[in-house]
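J.: Have a look at this one.
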Amino acid sequence: DIQMTQSPSSLSASVGDRVTITCRASQSISSYLNWYQQKPGKAPKLLIYAASSLQSGVPSRFSGSGSGTHFTLTISSLQPEDFATYYCQQSYSTPRTFGPGTKVDIK
Amino acid sequence: EVQLVESGGGLVKPGGSLRLSCAASGFTFSSYSMNWVRQAPGNGLEWVSSITSSSSYIYYADSVKGRFTISRDNAKNSLYLQMNSLRAEDTAVYYCAREDDILTGQNWFDPWGQGTLVTVSS
């Protein structure tokens with residue numbers, strides 16, 4: 001199975017800050033990497049697919065990059081509604097493993 | 001509007017069984033692979049099982065293999081998860097999710113249902 005790790009596990013940031021979350025895969029997954037946002041008590045929501053493609057309706061302040069084993073999710077200017085937990089997920093092989101999540105909260 | 005609605009969760013004793021359902025609407029259900037993903041309280045996301053559009057291919061996480069059975073009824077636009085021999089560690093919110101993809105082979109989960117809580121406790 002492909003193991004996914006994320007760093008940091010949590011971070012505190014202010015509105016307007018630039019935030020970067022890193023995701024690493026235990027083996028190369030090309031660009032088969034997706035990012036999800038989850039707010040408390042809610043279902044996950046797709047933000048980015050195929051490492052860098054923005055899902056329809058997702059604000060352009062979200063962007064993804066990377067390939068192989070190293071990926072990043074960047075929020076260019078953090079907004080109040082962005083405080084949530086973010087998960088990466090590989091879709092290269094089954095089982096479709098998720099990272100442990102990065103919780104973004106208010107500083 | 002594309003929508004997934006889970007049902008069937010509840011409290012069950014260890015060793016018991018439960019059947020979850022996921023009702024799909026707003027899209028051609030029979031054209032998509034579907035998945036179950038769970039989230040234990042306070043924990044992250046764990047993929048559980050997937051089924052292709054015509055049920056030709058079915059996959060399970062090792063943690064549920066031999067105990068859970070995924071199925072679908074395309075005529076009823078419904079996805080199911082039969083859970084047997086339940087354990088305390090199966091306690092989680094269970095989400096159904098549509099698997100979307102493009103011709104390059106890339107795929108992702110979108111949308112997700114609101115989830116249904118399964119609690120395994122004596």
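Here, A, B, ... name the chains of the structure tokens in the order displayed, residue numbers run from 1 inside each chain, and ligands are numbered from 1 in the same displayed order.
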Please determine the contact residues of chain B with respect to chain A at a cut-off of 10 Å, counting only C-alpha atoms, and supply them as number ranges by chain.
T.: B: 37, 39, 42-50, 59-62, 93-97, 100-102, 104-115
J.: Do you know which residues are at most 10 Å from Gly16 (chain B) counting only C-alpha atoms, after dropping those on the same chain fewer than 5 positions away, and could you put them as a PyMOL selection string?
T.: chain B and resi 11+83-87+120-121
J.: May I have the residues within 10 Å of Ala88 (chain B) as a ChimeraX atom specification, using only C-alpha atoms and disregarding those fewer than 6 positions away in the same chain?
T.: /B:12-15,118-122
J.: Output as a ChimeraX atom specification all residues of chain A that backbone DSSP marks as strand (DSSP E or B).
T.: /A:4-7,10-13,19-25,33-38,45-49,53-54,62-67,70-75,85-90,98,102-106
J.: Please, what distance in Å, to one decimal, runs between CA of Pro41 (chain B) and CA of Ala92 (chain B)?
T.: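 So the two atoms, CA of Pro41 (chain B) and CA of Ala92 (chain B), lie 6.1 Å apart.
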